[in-house]
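Visitor: Handing over query-v4.cif, mmCIF, C-alpha atoms and all ligand atoms.
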```
data_final
#
loop_
_atom_site.label_atom_id
_atom_site.label_comp_id
_atom_site.auth_asym_id
_atom_site.auth_seq_id
_atom_site.Cartn_x
_atom_site.Cartn_y
_atom_site.Cartn_z
CA MET A 1 -159.22 128.04 -3.44
CA LEU A 2 -157.23 125.04 -4.48
CA ILE A 3 -156.61 123.28 -1.18
CA THR A 4 -159.87 122.05 0.30
CA GLN A 5 -161.67 124.78 2.17
CA GLY A 6 -164.78 123.47 3.79
CA PRO A 7 -167.29 125.91 5.16
CA GLN A 8 -166.33 126.24 8.82
CA PHE A 9 -164.49 124.48 11.60
CA ASN A 10 -164.12 125.79 15.15
CA GLY A 11 -165.85 128.99 14.06
CA LYS A 12 -163.28 129.72 11.32
CA ALA A 13 -162.85 128.79 7.67
CA SER A 14 -161.80 125.18 7.45
CA LYS A 15 -158.32 124.72 5.99
CA ARG A 16 -156.51 121.55 5.01
CA MET A 17 -153.31 120.57 3.26
CA HIS A 18 -151.29 117.44 2.79
CA VAL A 19 -147.53 117.06 2.64
CA MET A 20 -145.50 113.96 1.97
CA ALA A 21 -142.49 114.45 4.19
CA LYS A 22 -139.25 112.73 3.24
CA PRO A 23 -137.19 113.17 6.39
CA ILE A 24 -134.37 111.03 5.03
CA GLY A 25 -134.76 112.09 1.39
CA ALA A 26 -133.98 109.42 -1.13
CA ALA A 27 -131.72 107.38 1.19
CA CYS A 28 -132.78 103.74 1.21
CA ASN A 29 -131.38 100.46 2.52
CA ILE A 30 -132.37 98.62 -0.65
CA ASP A 31 -131.96 99.44 -4.31
CA CYS A 32 -135.11 98.86 -6.36
CA THR A 33 -134.40 99.08 -10.06
CA TYR A 34 -137.25 101.41 -10.85
CA CYS A 35 -137.16 103.68 -7.83
CA TYR A 36 -137.92 107.15 -9.17
CA TYR A 37 -136.55 108.72 -6.03
CA LEU A 38 -132.97 107.45 -5.79
CA SER A 39 -131.89 109.78 -8.58
CA LYS A 40 -133.08 112.81 -6.58
CA GLN A 41 -129.92 112.56 -4.53
CA ASP A 42 -127.99 113.83 -7.57
CA LEU A 43 -130.67 116.14 -8.89
CA LEU A 44 -131.15 118.15 -5.71
CA GLU A 45 -128.56 119.76 -3.51
CA TYR A 46 -127.34 116.74 -1.60
CA LYS A 47 -124.26 116.30 -3.71
CA GLN A 48 -123.16 119.72 -2.45
CA GLY A 49 -122.94 118.45 1.11
CA CYS A 50 -126.50 118.94 2.25
CA SER A 51 -127.45 116.65 5.14
CA PRO A 52 -129.80 113.93 3.92
CA LYS A 53 -131.81 114.02 7.16
CA LEU A 54 -134.43 116.42 8.51
CA ASP A 55 -132.68 117.39 11.76
CA GLU A 56 -134.50 117.73 15.05
CA GLN A 57 -134.91 121.48 14.86
CA ALA A 58 -136.23 121.34 11.29
CA LEU A 59 -138.51 118.47 12.27
CA GLU A 60 -140.03 120.62 15.00
CA THR A 61 -140.44 123.55 12.59
CA TYR A 62 -142.18 121.27 10.13
CA ILE A 63 -144.56 119.69 12.64
CA ARG A 64 -145.46 123.05 14.17
CA GLN A 65 -146.10 124.67 10.77
CA TYR A 66 -148.07 121.69 9.50
CA ILE A 67 -150.37 121.77 12.51
CA GLU A 68 -150.66 125.56 12.74
CA GLY A 69 -151.39 125.82 9.01
CA GLN A 70 -154.55 123.71 9.20
CA ASN A 71 -157.99 124.12 10.68
CA THR A 72 -159.63 120.75 10.36
CA PRO A 73 -160.80 117.96 12.69
CA GLU A 74 -158.02 115.59 11.57
CA ILE A 75 -154.43 116.32 10.56
CA ILE A 76 -152.66 113.56 8.65
CA PHE A 77 -148.88 113.31 8.56
CA SER A 78 -147.33 111.17 5.81
CA TRP A 79 -143.77 109.89 6.15
CA GLN A 80 -142.01 108.62 3.04
CA GLY A 81 -138.57 108.19 1.56
CA GLY A 82 -136.31 106.68 0.55
CA GLU A 83 -136.84 104.39 3.49
CA PRO A 84 -138.02 106.36 6.52
CA THR A 85 -137.46 103.51 9.02
CA MET A 86 -133.71 104.01 8.46
CA LEU A 87 -134.09 107.02 10.75
CA GLY A 88 -134.61 104.65 13.67
CA LEU A 89 -137.41 104.26 16.14
CA ASP A 90 -136.24 107.09 18.41
CA TYR A 91 -136.70 109.53 15.54
CA PHE A 92 -140.33 108.45 15.22
CA ARG A 93 -140.81 108.62 19.00
CA LYS A 94 -139.64 112.23 18.71
CA ILE A 95 -142.16 112.83 15.90
CA VAL A 96 -145.02 111.65 18.09
CA GLU A 97 -143.73 113.68 21.05
CA LEU A 98 -143.60 116.85 18.94
CA GLN A 99 -147.04 116.21 17.50
CA ARG A 100 -148.43 115.97 21.06
CA LYS A 101 -146.64 119.19 21.99
CA TYR A 102 -148.41 121.15 19.24
CA GLN A 103 -151.69 119.19 19.03
CA PRO A 104 -154.63 121.57 19.53
CA PRO A 105 -157.40 120.32 21.82
CA GLY A 106 -160.08 118.31 20.05
CA ILE A 107 -158.00 117.74 16.90
CA VAL A 108 -157.02 114.21 15.88
CA ILE A 109 -153.49 113.66 14.58
CA ALA A 110 -152.90 110.63 12.38
CA ASN A 111 -149.76 109.25 10.75
CA ASP A 112 -149.01 107.07 7.79
CA LEU A 113 -145.69 105.53 6.92
CA GLN A 114 -144.61 104.11 3.55
CA THR A 115 -141.98 101.41 3.96
CA ASN A 116 -140.28 98.53 2.19
CA GLY A 117 -140.78 96.59 5.44
CA THR A 118 -137.29 95.15 5.64
CA LEU A 119 -136.35 96.92 8.89
CA LEU A 120 -139.59 96.29 10.75
CA ASN A 121 -139.43 94.17 13.90
CA ASP A 122 -141.63 93.61 16.96
CA GLU A 123 -140.43 96.80 18.63
CA TRP A 124 -141.26 98.89 15.57
CA CYS A 125 -144.67 97.28 15.18
CA GLU A 126 -145.54 97.76 18.86
CA PHE A 127 -144.74 101.44 18.48
CA LEU A 128 -146.70 101.79 15.21
CA ALA A 129 -149.70 99.97 16.67
CA ALA A 130 -149.64 101.95 19.91
CA ASN A 131 -149.61 105.19 17.94
CA ASN A 132 -152.17 104.08 15.38
CA PHE A 133 -149.96 104.45 12.30
CA LEU A 134 -151.29 103.32 8.92
CA VAL A 135 -148.49 101.39 7.19
CA GLY A 136 -148.06 101.31 3.42
CA LEU A 137 -146.03 98.24 2.49
CA SER A 138 -144.32 97.95 -0.89
CA ILE A 139 -144.66 94.42 -2.26
CA ASP A 140 -144.84 93.49 -5.92
CA GLY A 141 -146.27 89.97 -5.85
CA PRO A 142 -145.03 86.38 -5.46
CA GLU A 143 -141.31 85.76 -4.90
CA MET A 144 -140.13 85.65 -8.53
CA LEU A 145 -142.01 88.80 -9.48
CA HIS A 146 -141.13 90.74 -6.34
CA ASN A 147 -137.45 89.83 -6.48
CA ALA A 148 -137.10 90.81 -10.13
CA TYR A 149 -136.69 94.48 -9.21
CA ARG A 150 -136.94 94.84 -5.44
CA THR A 151 -133.38 93.89 -4.59
CA ASN A 152 -130.92 94.83 -1.87
CA ARG A 153 -127.59 96.48 -2.56
CA ALA A 154 -125.99 93.09 -3.18
CA GLY A 155 -128.56 92.45 -5.89
CA ARG A 156 -130.49 89.85 -3.89
CA GLY A 157 -134.28 89.85 -3.71
CA THR A 158 -136.00 91.16 -0.58
CA PHE A 159 -139.11 88.96 -0.76
CA ARG A 160 -138.47 86.93 2.40
CA GLN A 161 -137.82 90.02 4.48
CA VAL A 162 -140.99 91.68 3.18
CA MET A 163 -143.06 88.57 3.91
CA ALA A 164 -141.65 88.55 7.45
CA ALA A 165 -142.92 92.15 7.70
CA VAL A 166 -146.36 91.02 6.47
CA GLU A 167 -146.54 88.48 9.31
CA LEU A 168 -145.50 91.15 11.83
CA LEU A 169 -148.16 93.54 10.56
CA HIS A 170 -150.83 90.87 11.04
CA LYS A 171 -149.44 89.75 14.40
CA HIS A 172 -149.62 93.30 15.75
CA LYS A 173 -152.98 93.97 14.06
CA LEU A 174 -151.60 97.02 12.33
CA LYS A 175 -153.66 98.92 9.78
CA PHE A 176 -151.89 98.51 6.48
CA ALA A 177 -152.20 98.81 2.71
CA THR A 178 -150.08 97.15 0.06
CA LEU A 179 -148.50 99.13 -2.73
CA THR A 180 -147.73 97.06 -5.81
CA CYS A 181 -145.84 98.28 -8.83
CA VAL A 182 -147.29 97.21 -12.15
CA ASN A 183 -144.22 96.88 -14.36
CA ASN A 184 -143.31 94.94 -17.51
CA LEU A 185 -143.39 91.64 -15.56
CA THR A 186 -146.19 92.00 -13.03
CA SER A 187 -148.46 93.39 -15.75
CA LYS A 188 -148.23 90.06 -17.55
CA ASN A 189 -149.23 88.09 -14.44
CA PRO A 190 -152.27 89.95 -13.11
CA LEU A 191 -154.06 87.03 -11.48
CA GLU A 192 -150.92 85.62 -9.86
CA VAL A 193 -150.25 89.04 -8.36
CA TYR A 194 -153.83 89.69 -7.26
CA ARG A 195 -154.45 86.23 -5.80
CA PHE A 196 -151.12 86.35 -3.97
CA LEU A 197 -152.00 89.70 -2.39
CA ARG A 198 -155.48 88.46 -1.53
CA ASP A 199 -154.66 84.96 -0.26
CA GLU A 200 -151.07 85.06 1.00
CA VAL A 201 -150.57 88.65 2.08
CA ARG A 202 -154.24 89.08 3.06
CA SER A 203 -153.91 92.69 2.04
CA PRO A 204 -156.60 94.87 3.64
CA GLN A 205 -156.21 97.45 0.89
CA MET A 206 -154.53 97.01 -2.49
CA GLN A 207 -152.97 99.90 -4.33
CA PHE A 208 -151.52 99.36 -7.79
CA ILE A 209 -149.09 101.85 -9.30
CA PRO A 210 -148.31 101.80 -13.04
CA ILE A 211 -144.56 102.13 -13.57
CA VAL A 212 -143.97 104.75 -16.25
CA GLU A 213 -140.56 106.36 -16.53
CA GLN A 214 -139.12 108.04 -19.58
CA LYS A 215 -135.43 107.42 -20.11
CA THR A 216 -134.86 111.12 -19.40
CA PHE A 217 -136.71 111.12 -16.05
CA ARG A 218 -133.58 111.44 -13.89
CA THR A 219 -132.69 114.84 -15.28
CA THR A 220 -135.71 116.26 -17.08
CA ALA A 221 -138.73 117.65 -15.27
CA PRO A 222 -142.23 116.84 -16.54
CA GLN A 223 -143.75 119.41 -18.90
CA THR A 224 -140.32 120.71 -19.87
CA TRP A 225 -140.27 118.21 -22.74
CA GLN A 226 -140.12 119.58 -26.26
CA PRO A 227 -143.50 119.06 -28.02
CA GLN A 228 -141.79 118.06 -31.27
CA GLU A 229 -139.97 115.24 -29.45
CA GLN A 230 -143.20 113.63 -28.29
CA LEU A 231 -144.09 110.47 -30.17
CA ARG A 232 -147.58 109.86 -31.51
CA GLN A 233 -149.88 107.38 -29.79
CA GLY A 234 -149.30 103.98 -31.38
CA ASP A 235 -145.63 104.60 -32.22
CA ASN A 236 -143.68 101.41 -31.53
CA ARG A 237 -140.95 103.36 -29.75
CA LEU A 238 -143.43 103.89 -26.93
CA LYS A 239 -143.31 100.17 -26.18
CA PRO A 240 -140.90 99.38 -23.33
CA TRP A 241 -139.52 96.35 -25.17
CA HIS A 242 -138.59 98.27 -28.35
CA LYS A 243 -134.85 98.70 -28.77
CA LYS A 244 -135.30 102.43 -29.39
CA SER A 245 -137.97 102.87 -26.73
CA VAL A 246 -138.25 106.27 -25.02
CA VAL A 247 -139.32 104.60 -21.77
CA GLU A 248 -137.31 102.37 -19.44
CA PRO A 249 -137.56 98.63 -20.19
CA TRP A 250 -139.18 97.84 -16.83
CA CYS A 251 -142.21 100.05 -17.57
CA VAL A 252 -145.71 98.75 -18.13
CA SER A 253 -146.99 99.35 -21.67
CA ASP A 254 -150.20 101.31 -22.26
CA GLU A 255 -152.20 98.25 -23.34
CA GLY A 256 -150.49 96.11 -20.70
CA TRP A 257 -151.81 98.45 -18.02
CA GLY A 258 -155.35 98.12 -19.35
CA ASP A 259 -155.09 94.33 -19.61
CA PHE A 260 -153.78 94.08 -16.05
CA LEU A 261 -156.65 96.14 -14.65
CA ILE A 262 -159.24 94.20 -16.66
CA ALA A 263 -158.02 90.78 -15.49
CA VAL A 264 -157.91 91.86 -11.84
CA PHE A 265 -161.25 93.67 -12.10
CA ASP A 266 -163.04 90.61 -13.49
CA GLU A 267 -161.65 88.40 -10.73
CA TRP A 268 -162.61 90.99 -8.12
CA VAL A 269 -166.17 91.40 -9.42
CA LYS A 270 -166.68 87.65 -9.65
CA HIS A 271 -165.27 86.63 -6.26
CA ASP A 272 -164.40 89.53 -4.03
CA LEU A 273 -166.81 92.41 -4.47
CA GLY A 274 -167.51 93.90 -1.04
CA LYS A 275 -164.79 91.76 0.55
CA VAL A 276 -161.48 92.94 -0.94
CA PHE A 277 -160.59 96.61 -1.18
CA VAL A 278 -158.84 97.54 -4.44
CA GLN A 279 -158.28 101.26 -4.47
CA TYR A 280 -158.79 101.87 -8.20
CA PHE A 281 -162.02 99.87 -8.30
CA GLU A 282 -163.52 101.50 -5.22
CA ALA A 283 -162.63 104.88 -6.73
CA SER A 284 -164.27 103.89 -10.03
CA VAL A 285 -167.48 102.89 -8.26
CA GLU A 286 -167.59 106.31 -6.60
CA THR A 287 -166.89 108.11 -9.85
CA TRP A 288 -169.59 106.24 -11.78
CA MET A 289 -171.97 107.16 -8.97
CA GLY A 290 -171.26 110.83 -9.65
CA ARG A 291 -168.87 111.57 -6.80
CA LYS A 292 -165.44 113.14 -7.17
CA ASN A 293 -162.61 110.71 -7.72
CA PRO A 294 -160.70 110.42 -4.44
CA LEU A 295 -157.42 109.71 -6.29
CA CYS A 296 -155.43 112.68 -7.54
CA THR A 297 -154.21 110.81 -10.60
CA LEU A 298 -157.77 110.37 -11.89
CA GLY A 299 -159.27 113.51 -10.40
CA GLU A 300 -159.86 116.97 -11.78
CA MET A 301 -156.97 118.69 -10.05
CA CYS A 302 -153.41 118.27 -8.91
CA GLY A 303 -151.69 120.08 -6.14
CA LYS A 304 -153.36 118.76 -3.04
CA GLY A 305 -150.25 116.94 -1.84
CA LEU A 306 -146.93 118.76 -1.52
CA ALA A 307 -143.61 116.99 -1.04
CA MET A 308 -140.90 118.08 1.38
CA GLU A 309 -137.25 117.13 1.23
CA PRO A 310 -134.97 116.84 4.30
CA ASN A 311 -133.46 120.31 3.77
CA GLY A 312 -136.95 121.83 4.06
CA ASP A 313 -137.43 122.39 0.32
CA VAL A 314 -141.07 122.02 -0.70
CA PHE A 315 -142.27 120.87 -4.15
CA THR A 316 -145.63 120.90 -5.90
CA CYS A 317 -146.01 117.10 -5.79
CA ASP A 318 -144.11 113.95 -4.92
CA HIS A 319 -143.75 113.29 -8.68
CA TYR A 320 -142.47 116.79 -9.36
CA VAL A 321 -139.43 116.92 -7.11
CA TYR A 322 -137.34 118.82 -9.65
CA PRO A 323 -135.76 122.29 -9.21
CA GLU A 324 -138.36 123.77 -11.62
CA TYR A 325 -141.19 122.79 -9.29
CA LYS A 326 -139.78 123.98 -5.97
CA ILE A 327 -142.25 126.33 -4.30
CA GLY A 328 -140.29 127.29 -1.21
CA ASN A 329 -138.57 126.12 1.95
CA ILE A 330 -140.02 125.77 5.44
CA HIS A 331 -137.10 127.78 6.86
CA HIS A 332 -138.13 130.80 4.80
CA GLN A 333 -141.86 130.43 4.14
CA LYS A 334 -144.78 128.95 5.97
CA LEU A 335 -146.16 125.68 4.67
CA ASP A 336 -149.72 126.97 4.36
CA GLU A 337 -148.51 129.99 2.34
CA MET A 338 -146.82 127.60 -0.07
CA ALA A 339 -149.83 125.27 -0.20
CA TYR A 340 -152.13 128.16 -1.07
CA SER A 341 -149.66 130.03 -3.28
CA GLU A 342 -150.48 131.14 -6.82
CA GLN A 343 -147.81 128.79 -8.19
CA GLN A 344 -149.38 125.81 -6.45
CA GLN A 345 -152.86 126.78 -7.56
CA ALA A 346 -151.71 127.17 -11.17
CA PHE A 347 -150.11 123.72 -10.95
CA GLY A 348 -153.36 122.29 -9.62
CA PHE A 349 -155.65 123.80 -12.23
CA ALA A 350 -153.31 122.95 -15.11
CA LYS A 351 -154.36 119.31 -14.91
CA SER A 352 -157.81 120.03 -16.35
CA ARG A 353 -156.93 123.15 -18.31
CA THR A 354 -154.32 121.44 -20.45
CA LEU A 355 -156.33 118.43 -21.59
CA THR A 356 -155.88 117.51 -25.24
CA SER A 357 -158.95 117.66 -27.51
CA GLN A 358 -158.88 113.86 -27.48
CA CYS A 359 -159.37 113.91 -23.69
CA GLN A 360 -162.02 116.62 -23.91
CA GLN A 361 -164.05 114.47 -26.28
CA CYS A 362 -163.37 111.20 -24.47
CA ASP A 363 -166.33 109.20 -23.10
CA TYR A 364 -164.33 108.56 -19.95
CA GLN A 365 -162.98 112.02 -19.24
CA PHE A 366 -165.08 112.06 -16.05
CA ALA A 367 -163.12 109.05 -14.75
CA CYS A 368 -159.65 109.91 -16.01
CA PHE A 369 -159.05 113.63 -16.56
CA GLY A 370 -156.00 112.79 -18.64
CA GLU A 371 -154.46 110.90 -15.69
CA CYS A 372 -151.26 112.12 -14.04
CA PRO A 373 -149.59 114.98 -15.96
CA LYS A 374 -146.16 113.45 -15.35
CA ASN A 375 -147.22 110.75 -17.85
CA ARG A 376 -148.46 113.18 -20.51
CA PHE A 377 -145.49 112.93 -22.82
CA ILE A 378 -146.99 111.61 -26.05
CA ARG A 379 -148.98 113.14 -28.90
CA THR A 380 -152.46 112.20 -30.00
CA LYS A 381 -152.81 110.47 -33.35
CA ASP A 382 -153.68 113.94 -34.73
CA GLY A 383 -150.35 115.25 -33.48
CA GLU A 384 -151.46 117.26 -30.44
CA PRO A 385 -148.84 117.06 -27.67
CA GLY A 386 -149.62 116.35 -24.02
CA LEU A 387 -151.54 113.08 -24.19
CA ASN A 388 -151.04 110.52 -21.46
CA TYR A 389 -148.76 107.56 -22.21
CA LEU A 390 -151.30 105.23 -20.53
CA CYS A 391 -154.31 106.56 -22.45
CA ALA A 392 -155.00 103.41 -24.50
CA GLY A 393 -154.85 101.25 -21.38
CA TRP A 394 -157.14 103.47 -19.34
CA LYS A 395 -159.67 103.66 -22.16
CA LYS A 396 -159.62 99.88 -22.56
CA PHE A 397 -160.21 99.38 -18.84
CA PHE A 398 -162.94 102.00 -18.50
CA SER A 399 -164.89 100.73 -21.49
CA HIS A 400 -164.61 97.16 -20.18
CA ALA A 401 -165.68 98.05 -16.61
CA ASP A 402 -168.46 100.47 -17.63
CA LYS A 403 -171.24 97.88 -17.89
CA SER A 404 -170.28 96.00 -14.72
CA LEU A 405 -169.96 99.20 -12.70
CA ALA A 406 -173.43 100.31 -13.82
CA TYR A 407 -174.81 96.89 -12.93
CA ILE A 408 -173.18 96.88 -9.48
CA LEU A 409 -174.52 100.35 -8.70
CA ARG A 410 -178.08 99.55 -9.80
CA ALA A 411 -178.08 96.23 -7.98
CA THR A 412 -177.11 98.04 -4.77
CA GLY A 413 -179.67 100.83 -5.23
CA HIS A 414 -177.26 103.58 -6.26
CA PRO A 415 -177.55 106.07 -9.09
CA VAL A 416 -175.47 105.59 -12.23
CA ALA A 417 -174.40 109.11 -13.11
CA HIS A 418 -171.80 108.39 -15.80
CA GLY A 419 -170.84 106.01 -18.54
CA LYS A 420 -172.72 104.52 -21.46
CA TYR A 421 -175.32 102.89 -19.19
CA ARG A 422 -176.08 105.95 -17.04
CA ASP A 423 -179.56 106.51 -15.64
CA GLU A 424 -180.44 109.43 -17.91
CA LEU A 425 -180.13 107.18 -20.98
CA LEU A 426 -182.61 104.65 -19.58
CA LYS A 427 -186.19 105.05 -20.79
CA PRO A 428 -188.98 104.37 -18.23
CA SER A 429 -190.15 101.34 -20.20
CA MET A 430 -186.70 99.78 -20.23
CA ASN A 431 -185.56 97.01 -17.94
CA ARG A 432 -183.07 98.54 -15.51
CA PHE A 433 -180.97 95.35 -15.82
CA PRO A 434 -181.07 94.68 -19.54
CA TYR A 435 -177.76 92.90 -19.51
CA PRO A 436 -176.00 90.49 -17.22
CA PRO A 437 -172.50 91.66 -16.39
CA GLN A 438 -169.90 89.80 -18.41
CA PHE A 439 -167.81 88.24 -15.66
S1 LIG A 501 -148.91 115.35 -10.69
FE1 LIG A 501 -149.80 113.28 -10.66
S2 LIG A 501 -149.38 112.50 -8.58
FE2 LIG A 501 -149.09 114.74 -8.55
S3 LIG A 501 -151.06 115.58 -7.88
FE3 LIG A 501 -151.06 115.55 -10.12
S4 LIG A 501 -152.02 113.61 -10.67
FE4 LIG A 501 -151.42 113.46 -8.53
S1 LIG A 502 -158.74 107.72 -21.48
FE1 LIG A 502 -157.23 108.82 -22.76
S2 LIG A 502 -158.44 110.28 -23.97
FE2 LIG A 502 -159.71 109.57 -22.25
S3 LIG A 502 -159.39 111.13 -20.65
FE3 LIG A 502 -157.97 109.44 -20.27
S4 LIG A 502 -156.06 110.03 -21.28
FE4 LIG A 502 -157.69 111.32 -22.12
#
```
Can you give me the file's structure in the form of structure tokens?
Guide:
Amino acid sequence: MLITQGPQFNGKASKRMHVMAKPIGAACNIDCTYCYYLSKQDLLEYKQGCSPKLDEQALETYIRQYIEGQNTPEIIFSWQGGEPTMLGLDYFRKIVELQRKYQPPGIVIANDLQTNGTLLNDEWCEFLAANNFLVGLSIDGPEMLHNAYRTNRAGRGTFRQVMAAVELLHKHKLKFATLTCVNNLTSKNPLEVYRFLRDEVRSPQMQFIPIVEQKTFRTTAPQTWQPQEQLRQGDNRLKPWHKKSVVEPWCVSDEGWGDFLIAVFDEWVKHDLGKVFVQYFEASVETWMGRKNPLCTLGEMCGKGLAMEPNGDVFTCDHYVYPEYKIGNIHHQKLDEMAYSEQQQAFGFAKSRTLTSQCQQCDYQFACFGECPKNRFIRTKDGEPGLNYLCAGWKKFFSHADKSLAYILRATGHPVAHGKYRDELLKPSMNRFPYPPQF
């Protein structure tokens, strides 16, 4: 079964799913240059007069189905956009009211909300705190870097509004995580970005997202690319700054992504280990220890998180909201049927089943699994299609972090299950710490 099925809960088979609901679709009050979602307004049915809002009746259908389709101690709702706070506070009060209406006894219901922060105020924060929402705040770094792409409709940067939101989140003691896009500019300023998030934003949890968008992304679904059109790894036209580049100029380059992670990782290991939570690094520690990667992008499978548009259409993943990847509609099918459908399972397993030979032979396959398939639009140097655009960067980062991760795990009494310094390669006579980490 693709979607997690634990042994038993409440005397029945445990059953979980996760949906990113977009109750206002791609509608947003600001206009970030690299937003991959704004173009969905044209791609999907909205141009034909479809309401860009999940109406109250559909909202109730969704909440009921989402709860009834799961058998698990905790049900997590995720609200995204576009900008979901544009729906207004009363809409979210209704969400909580409906969740209480359908909440089974003994089951915890949790919510998370991804926002650009610009509409948050005391009233919003009081509501979010009272209802225990986890807030994901989009912020790209210090003022110059944030304002480069995160602009309002008049083209002005949103930094000051987002920093006001940061202060509100702290004032109301809200649980929050920061989401930072690593683009062509932020990737060149890793320490400025990291130290700003650590010292100024005081981010409790840092998430970094590599910005990778082919020039065709607005109209062409992933994996519908022609193999012969894929460029080989190392081709200069894969560099965002090349005048004939196949990716948008604001993208991070493959090597740039690796360099960004390495600079932040070294700073984190040296000063902040155990104090600052950086999602990719925590996930790497777990993976080196032999556990499954908690992040879908670096894990074995896709398909554990569906995406739902305001008209009830459901897609295989937030990054696959294209007509080719629609798996149904909540007005015609039940959410759990879609989540467990053959199409969704095939989508999930394809991540590992379609790895190139380069990935299959890679020392870091255990930590990467070819990364997100939406980025697999290049060919290996041998000409095999379907390699990840970020491959060189990931490999650079993993090989750099390998030794330090092994050291950290041994120093804290944990097994080292993977990598070049794994336990099984150590001979009994060898010093378990034969190297100081290179910080
Ligand atoms: S397509 Fe990418 S984002 Fe979606 S589940 Fe797979 S790895 Fe995750
Ligand atoms: S680092 Fe590159 S070769 Fe290795 S698994 Fe990831 S994408 Fe494949």
Visitor: Counting all atoms listed in the file, which protein, DNA or RNA residues come within 7 Å of ligand LIG 501 (chain A), given as a compact mmCIF listing (two decimals) with C-alpha atoms, in the frame of the given file?
Guide:
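File written: part27.txt
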```txt
# COMPACT_ATOMS: atom_id res chain seq x y z
CA CYS A 296 -155.43 112.68 -7.54
CA THR A 297 -154.21 110.81 -10.60
CA LEU A 298 -157.77 110.37 -11.89
CA MET A 301 -156.97 118.69 -10.05
CA CYS A 302 -153.41 118.27 -8.91
CA GLY A 303 -151.69 120.08 -6.14
CA LYS A 304 -153.36 118.76 -3.04
CA GLY A 305 -150.25 116.94 -1.84
CA CYS A 317 -146.01 117.10 -5.79
CA ASP A 318 -144.11 113.95 -4.92
CA HIS A 319 -143.75 113.29 -8.68
CA TYR A 320 -142.47 116.79 -9.36
CA LYS A 351 -154.36 119.31 -14.91
CA GLU A 371 -154.46 110.90 -15.69
CA CYS A 372 -151.26 112.12 -14.04
CA PRO A 373 -149.59 114.98 -15.96
CA LYS A 374 -146.16 113.45 -15.35
```
Visitor: Which one is closest to Thr72 of chain A: A:Val182, A:Ile109, A:Val166, A:Leu98? Count all atoms listed in the file.
Guide: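 Of all the options, A:Ile109 lies closest to Thr72 of chain A.
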Visitor: Which one of A:Phe369, A:Phe315, A:Tyr407, A:Phe397 sits closest to ligand LIG 502 (chain A) if you count only C-alpha atoms and all ligand atoms?
Guide: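 Closest candidate: A:Phe369.
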Visitor: Write out as a ChimeraX atom specification each polymer residue (protein, DNA or RNA) that has an atom no more than 9 Å from ligand LIG 502 (chain A), with only C-alpha atoms and all ligand atoms counted.
Guide: /A:298,355-372,376,380,387-398
Visitor: Let me make sure I understand: among A:Ser138, A:Pro294, A:Arg100, A:Leu169, which one has the smallest atom-to-atom distance to Cys125 of chain A if we use only C-alpha atoms?
Guide: A:Leu169
Visitor: Once you add 8 Å to each side, what are the centre and edge lengths of the axis-aligned box holding all listed atoms of segment 18-37 of chain A? One decimal in Å, as lines of an AutoDock Vina configuration file, if you can.
Guide:
```
center_x = -141.3
center_y = 108.0
center_z = -2.2
size_x = 35.9
size_y = 34.8
size_z = 33.2
```
Visitor: I'd like to know which of A:Pro310, A:Pro204, A:Pro104, A:Gly88 is closest to Gly25 of chain A, using all atoms listed in the file.
Guide: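 Result for the nearest residue to Gly25 of chain A: A:Pro310.
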